[in-house]
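Q: File follows, structure-v8.tsv with TSV, C-alpha atoms:
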```
chain	number	residue	atom	x	y	z
A	972	ASP	CA	-66.16	-221.79	-146.81
A	973	SER	CA	-67.67	-219.88	-149.71
A	974	GLY	CA	-70.57	-217.49	-149.98
A	975	ASN	CA	-72.28	-216.85	-146.65
A	976	GLN	CA	-70.84	-219.93	-145.01
A	977	VAL	CA	-68.51	-219.51	-142.08
A	978	SER	CA	-65.66	-221.49	-140.62
A	979	LEU	CA	-64.18	-221.54	-137.16
A	980	SER	CA	-61.36	-219.37	-138.49
A	981	ASP	CA	-63.89	-216.52	-138.61
A	982	VAL	CA	-64.35	-216.46	-134.85
A	983	SER	CA	-62.15	-214.38	-132.56
A	984	ALA	CA	-62.07	-217.01	-129.81
A	985	ILE	CA	-62.17	-220.70	-130.76
A	986	PRO	CA	-64.59	-222.57	-128.46
A	987	VAL	CA	-62.58	-224.43	-125.83
A	988	TRP	CA	-64.77	-227.51	-126.15
A	989	LEU	CA	-63.32	-228.28	-129.60
A	990	ASP	CA	-59.97	-229.61	-128.45
A	991	GLU	CA	-59.60	-229.18	-124.71
A	992	PRO	CA	-60.90	-231.57	-122.02
A	993	VAL	CA	-63.52	-230.08	-119.74
A	994	GLU	CA	-62.83	-230.68	-116.08
A	995	THR	CA	-66.30	-229.91	-114.72
A	996	ALA	CA	-68.31	-233.07	-115.36
A	997	ASP	CA	-71.70	-231.37	-115.25
A	998	SER	CA	-70.75	-228.32	-117.34
A	999	LEU	CA	-72.59	-227.59	-120.58
A	1000	GLU	CA	-69.43	-228.27	-122.58
A	1001	SER	CA	-68.78	-231.58	-120.85
A	1002	LEU	CA	-72.33	-232.82	-121.36
A	1003	ALA	CA	-72.57	-231.81	-125.01
A	1004	ARG	CA	-69.05	-231.98	-126.45
A	1005	THR	CA	-69.09	-235.57	-127.68
A	1006	GLY	CA	-72.56	-235.38	-129.19
A	1007	LEU	CA	-71.87	-232.12	-130.98
A	1008	LEU	CA	-68.54	-233.28	-132.38
A	1009	GLN	CA	-70.24	-236.38	-133.77
A	1010	LEU	CA	-72.82	-234.22	-135.51
A	1011	LEU	CA	-70.14	-231.92	-136.94
A	1012	ARG	CA	-67.73	-234.59	-138.11
A	1013	GLY	CA	-67.81	-235.16	-141.86
A	1014	ASN	CA	-70.05	-232.21	-142.71
A	1015	GLU	CA	-68.93	-229.64	-145.25
A	1016	SER	CA	-70.70	-226.63	-143.74
A	1017	ILE	CA	-70.04	-225.90	-140.09
A	1018	GLU	CA	-72.85	-223.36	-139.92
A	1019	LEU	CA	-75.41	-225.73	-141.41
A	1020	SER	CA	-74.30	-228.50	-139.07
A	1021	LEU	CA	-74.57	-226.23	-136.04
A	1022	ARG	CA	-78.04	-225.04	-137.06
A	1023	GLU	CA	-79.17	-228.64	-137.40
A	1024	ALA	CA	-77.56	-229.53	-134.06
A	1025	MET	CA	-79.68	-226.92	-132.30
A	1026	ASP	CA	-82.72	-229.11	-132.98
A	1027	PHE	CA	-81.02	-232.20	-131.57
A	1028	ARG	CA	-83.08	-234.12	-129.01
A	1029	ARG	CA	-80.49	-233.52	-126.29
A	1030	ALA	CA	-80.95	-229.95	-125.10
A	1031	GLU	CA	-77.33	-229.59	-124.01
A	1032	VAL	CA	-76.11	-230.32	-127.54
A	1033	GLY	CA	-78.43	-227.67	-128.97
A	1034	ALA	CA	-77.32	-225.22	-126.30
A	1035	LEU	CA	-73.64	-225.69	-127.10
A	1036	ALA	CA	-74.33	-225.41	-130.83
A	1037	ALA	CA	-76.11	-222.10	-130.23
A	1038	ARG	CA	-73.26	-220.78	-128.10
A	1039	THR	CA	-70.83	-221.64	-130.89
A	1040	MET	CA	-73.04	-219.89	-133.43
A	1041	LEU	CA	-72.98	-216.84	-131.17
A	1042	LEU	CA	-69.18	-216.85	-131.26
A	1043	LEU	CA	-69.39	-217.04	-135.04
A	1044	GLY	CA	-71.55	-213.91	-135.08
A	1045	ARG	CA	-74.78	-215.71	-136.02
A	1046	HIS	CA	-76.93	-214.00	-133.38
A	1047	ASP	CA	-80.18	-214.66	-135.25
A	1048	VAL	CA	-80.43	-218.21	-133.87
A	1049	TYR	CA	-81.42	-216.78	-130.49
A	1050	PHE	CA	-84.44	-214.80	-131.66
A	1051	GLY	CA	-87.75	-215.28	-133.45
A	1052	ALA	CA	-90.39	-217.96	-132.98
A	1053	GLU	CA	-87.86	-220.77	-133.44
A	1054	GLY	CA	-84.98	-219.09	-131.63
A	1055	ILE	CA	-83.19	-220.34	-128.53
A	1056	PHE	CA	-85.06	-217.89	-126.31
A	1057	SER	CA	-88.35	-219.38	-127.52
A	1058	GLN	CA	-87.45	-223.06	-127.13
A	1059	ALA	CA	-88.90	-224.56	-123.96
A	1060	LYS	CA	-86.37	-227.39	-124.03
A	1061	GLN	CA	-83.63	-224.78	-123.53
A	1062	ARG	CA	-85.20	-223.57	-120.27
A	1063	ILE	CA	-82.43	-224.77	-117.97
A	1064	TYR	CA	-79.84	-223.11	-120.22
A	1065	TRP	CA	-81.62	-219.76	-120.61
A	1066	PRO	CA	-79.54	-218.15	-117.82
A	1067	ASP	CA	-76.34	-219.15	-119.66
A	1068	HIS	CA	-77.70	-217.97	-123.01
A	1069	PHE	CA	-78.77	-214.66	-121.49
A	1070	ALA	CA	-75.37	-214.10	-119.90
A	1071	ALA	CA	-73.62	-214.96	-123.18
A	1072	MET	CA	-75.77	-212.50	-125.13
A	1073	VAL	CA	-75.18	-209.72	-122.59
A	1074	ARG	CA	-71.42	-210.33	-122.87
A	1075	THR	CA	-71.69	-210.16	-126.65
A	1076	ILE	CA	-73.35	-206.74	-126.48
A	1077	ASP	CA	-70.81	-205.56	-123.93
A	1078	ARG	CA	-67.95	-206.19	-126.36
A	1079	GLY	CA	-68.60	-202.86	-128.04
A	1080	PRO	CA	-70.81	-200.81	-130.39
A	1081	GLU	CA	-70.14	-202.96	-133.45
A	1082	SER	CA	-71.09	-206.18	-131.70
A	1083	ALA	CA	-74.15	-204.55	-130.11
A	1084	ALA	CA	-75.29	-203.23	-133.49
A	1085	ALA	CA	-74.95	-206.69	-135.03
A	1086	VAL	CA	-77.11	-208.19	-132.28
A	1087	ARG	CA	-79.74	-205.51	-132.75
A	1088	GLN	CA	-79.79	-206.09	-136.50
A	1089	SER	CA	-80.40	-209.80	-135.92
A	1090	ILE	CA	-83.25	-209.03	-133.53
A	1091	MET	CA	-84.85	-206.70	-136.07
A	1092	GLN	CA	-84.52	-209.40	-138.71
A	1093	MET	CA	-86.09	-212.14	-136.59
A	1094	ASP	CA	-88.48	-210.24	-134.29
A	1095	GLY	CA	-89.02	-206.89	-135.96
A	1096	ALA	CA	-92.31	-205.93	-134.30
A	1097	GLN	CA	-90.78	-205.95	-130.81
A	1098	ALA	CA	-87.10	-205.54	-131.65
A	1099	GLY	CA	-86.61	-202.40	-129.56
A	1100	GLU	CA	-88.12	-204.00	-126.47
A	1101	ILE	CA	-86.09	-207.19	-126.85
A	1102	TYR	CA	-82.86	-205.29	-127.45
A	1103	ARG	CA	-83.42	-203.13	-124.37
A	1104	LEU	CA	-83.84	-206.20	-122.17
A	1105	LEU	CA	-80.30	-207.26	-123.05
A	1106	TRP	CA	-78.75	-204.10	-121.58
A	1107	LEU	CA	-79.81	-204.64	-117.96
A	1108	PHE	CA	-81.17	-201.91	-115.68
A	1109	SER	CA	-79.63	-199.83	-112.93
A	1110	ASN	CA	-81.35	-199.36	-109.56
A	1111	GLU	CA	-82.16	-195.80	-110.62
A	1112	GLN	CA	-83.90	-197.07	-113.73
A	1113	LEU	CA	-85.74	-199.75	-111.78
A	1114	ALA	CA	-87.00	-197.15	-109.32
A	1115	ALA	CA	-88.11	-194.96	-112.23
A	1116	GLY	CA	-90.43	-197.66	-113.57
A	1117	ALA	CA	-88.28	-200.34	-115.18
A	1118	ASP	CA	-89.22	-202.72	-112.34
A	1119	ALA	CA	-92.91	-202.42	-113.24
A	1120	ALA	CA	-92.09	-202.85	-116.93
A	1121	LEU	CA	-90.20	-206.08	-116.22
A	1122	VAL	CA	-93.08	-207.52	-114.22
A	1123	LYS	CA	-95.55	-206.56	-116.96
A	1124	GLU	CA	-93.35	-208.26	-119.56
A	1125	LEU	CA	-93.65	-211.55	-117.68
A	1126	ASP	CA	-97.13	-211.78	-119.22
A	1127	ASP	CA	-96.15	-210.78	-122.75
A	1128	SER	CA	-97.41	-212.97	-125.59
A	1129	ASN	CA	-93.86	-213.19	-126.98
A	1130	THR	CA	-91.87	-215.97	-125.30
A	1131	THR	CA	-88.55	-214.23	-125.95
A	1132	ILE	CA	-89.68	-211.16	-124.04
A	1133	ARG	CA	-90.96	-213.27	-121.14
A	1134	VAL	CA	-87.66	-215.14	-120.99
A	1135	LEU	CA	-85.51	-212.01	-121.08
A	1136	ALA	CA	-87.66	-210.20	-118.51
A	1137	ALA	CA	-87.47	-213.23	-116.22
A	1138	GLU	CA	-83.70	-213.47	-116.61
A	1139	ASN	CA	-83.36	-209.79	-115.73
A	1140	LEU	CA	-85.41	-210.37	-112.59
A	1141	ARG	CA	-83.42	-213.49	-111.73
A	1142	LEU	CA	-80.17	-211.56	-112.06
A	1143	ILE	CA	-81.44	-208.64	-109.98
A	1144	THR	CA	-83.10	-210.57	-107.15
A	1145	GLY	CA	-81.44	-213.97	-107.26
A	1146	ASN	CA	-84.59	-216.02	-107.90
A	1147	LEU	CA	-87.57	-216.53	-110.19
A	1148	LEU	CA	-90.29	-217.15	-107.57
A	1149	ASN	CA	-91.22	-220.32	-109.50
A	1150	TYR	CA	-92.16	-218.31	-112.59
A	1151	ARG	CA	-91.86	-220.30	-115.83
A	1152	ALA	CA	-91.48	-218.20	-118.95
A	1153	GLU	CA	-92.28	-221.10	-121.26
A	1154	THR	CA	-95.87	-221.31	-119.97
A	1155	GLU	CA	-98.04	-220.23	-122.89
A	1156	THR	CA	-101.40	-219.82	-121.12
A	1157	PRO	CA	-101.82	-216.43	-119.38
A	1158	ALA	CA	-104.10	-217.93	-116.73
A	1159	ARG	CA	-101.40	-220.41	-115.74
A	1160	ARG	CA	-98.80	-217.64	-115.49
A	1161	ALA	CA	-101.03	-215.40	-113.38
A	1162	THR	CA	-100.36	-216.97	-109.97
A	1163	ASP	CA	-96.59	-216.69	-110.25
A	1164	ILE	CA	-96.78	-213.18	-111.67
A	1165	LYS	CA	-98.77	-212.11	-108.61
A	1166	LYS	CA	-95.74	-213.00	-106.49
A	1167	TRP	CA	-93.69	-210.57	-108.54
A	1168	GLU	CA	-96.38	-207.93	-108.24
A	1169	VAL	CA	-96.09	-208.20	-104.46
A	1170	LYS	CA	-92.33	-207.64	-104.65
A	1171	LEU	CA	-92.96	-204.74	-107.00
A	1172	ARG	CA	-95.33	-203.03	-104.56
A	1173	LYS	CA	-92.77	-203.47	-101.79
A	1174	GLY	CA	-90.03	-201.94	-103.92
A	1175	GLU	CA	-87.96	-205.11	-103.62
A	1176	ILE	CA	-86.92	-205.46	-107.25
A	1177	ARG	CA	-83.51	-203.89	-106.73
A	1178	TRP	CA	-79.88	-204.87	-106.99
A	1179	THR	CA	-78.34	-205.50	-103.58
A	1180	ASN	CA	-74.74	-206.16	-104.62
A	1181	ILE	CA	-71.85	-204.24	-106.15
A	1182	ALA	CA	-72.47	-205.78	-109.58
A	1183	ALA	CA	-75.46	-203.52	-110.19
A	1184	PRO	CA	-75.24	-201.58	-113.48
A	1185	THR	CA	-74.89	-197.81	-113.19
A	1186	PRO	CA	-76.96	-195.26	-115.12
A	1187	GLN	CA	-73.84	-194.57	-117.19
A	1188	THR	CA	-73.38	-198.18	-118.33
A	1189	ALA	CA	-77.01	-199.23	-118.61
A	1190	ALA	CA	-78.49	-198.37	-121.99
A	1191	PRO	CA	-81.49	-196.05	-122.44
A	1192	VAL	CA	-84.77	-197.40	-123.73
A	1193	VAL	CA	-84.70	-197.59	-127.52
A	1194	THR	CA	-87.35	-197.74	-130.21
A	1195	GLU	CA	-87.17	-198.79	-133.83
A	1196	ALA	CA	-86.74	-195.17	-134.88
A	1197	ALA	CA	-84.06	-194.45	-132.33
A	1198	GLY	CA	-80.35	-194.67	-132.91
A	1199	GLU	CA	-77.99	-197.05	-131.20
A	1200	PRO	CA	-77.54	-196.49	-127.45
```
Would you give me this structure, written as structure tokens?

A:
Amino acid sequence: DSGNQVSLSDVSAIPVWLDEPVETADSLESLARTGLLQLLRGNESIELSLREAMDFRRAEVGALAARTMLLLGRHDVYFGAEGIFSQAKQRIYWPDHFAAMVRTIDRGPESAAAVRQSIMQMDGAQAGEIYRLLWLFSNEQLAAGADAALVKELDDSNTTIRVLAAENLRLITGNLLNYRAETETPARRATDIKKWEVKLRKGEIRWTNIAAPTPQTAAPVVTEAAGEP
């Protein structure tokens, strides 16, 4: 491709759904592969086709298109008012999207910096807060106040922040307590947030398995003026 267009030759790992059968019938790739390939076939620009596919009526097709864009380094599609983390129809895939974004940041400083730049481009006012939520928190950081911050963020006006805070809590505790990040009305979120406030007061928002991040691997809180963690 020319200009700013990308091709699948630009990606370090070609998505397996392109030419390999998927054995798990209910996997994201299995559900979406055929529909996405039909949308891509015959188009000149892969990136344009993938961006259009993210708005497809079938959520699994949009989810797979977004994951492919992530592999191509187009992190911006996840953020902002129209991003994947703000699309209610992507709710059942938010855990997968969150895990994929965390893995992207974990690849190294260059990849992490690219993600942060995309966040600043699409969600500048709260870029530091959003970026921090993608680094996870250690038990030490949770005990020092990150647990309270996560619960507070469940009521943020920005859907992306609510989604990322909820996914952090899901990963830490193993459940969401019926909280739905896509709920736009604060009054409707209040009841479920109270459940999290109870866990907060009991000090129960903690990792209980060996996968917990350590203070050395979890990133410090960053602001727009701060450097990269």

Q: What is the distance, in Å and to one decimal place, between atom CA of Leu1142 of chain A and atom CA of Gly1054 of chain A?

A: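 Going from atom CA of Leu1142 of chain A over to atom CA of Gly1054 of chain A covers 21.5 Å.
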
Q: When you count all atoms listed in the file, which of these residues is closest to Gly1033 of chain A: A:Ile1055, A:Ile1017, A:Arg1103, A:Glu1111?

A: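 So, comparing all the options, the nearest one is A:Ile1055.
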
Q: Excluding Leu1021 of chain A and residues on its chain fewer than 4 positions from it, collect all residues at most 8 Å away from it, counting only C-alpha atoms, and give them as JSON, numbers by chain.

A: {"A": [1011, 1017, 1025, 1036, 1037, 1039, 1040]}

Q: Please measure the separation of atom CA of Leu1171 of chain A and atom CA of Asp1127 of chain A, giving the value in Å to one decimal.

A: 17.2 Å

Q: Using all atoms listed in the file, pick whichever of A:Ala1152, A:Ile1176, A:Ile1076, A:Val1134 has the shortest atom-to-atom distance to Gly1044 of chain A.

A: A:Ile1076

Q: My list of candidates is A:Pro1080, A:Gly1174, A:Pro1157, A:Gly1099. Which is closest to Ala1114 of chain A when distances are computed with all atoms listed in the file?

A: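 Among the listed residues, A:Gly1174 lies closest to Ala1114 of chain A.
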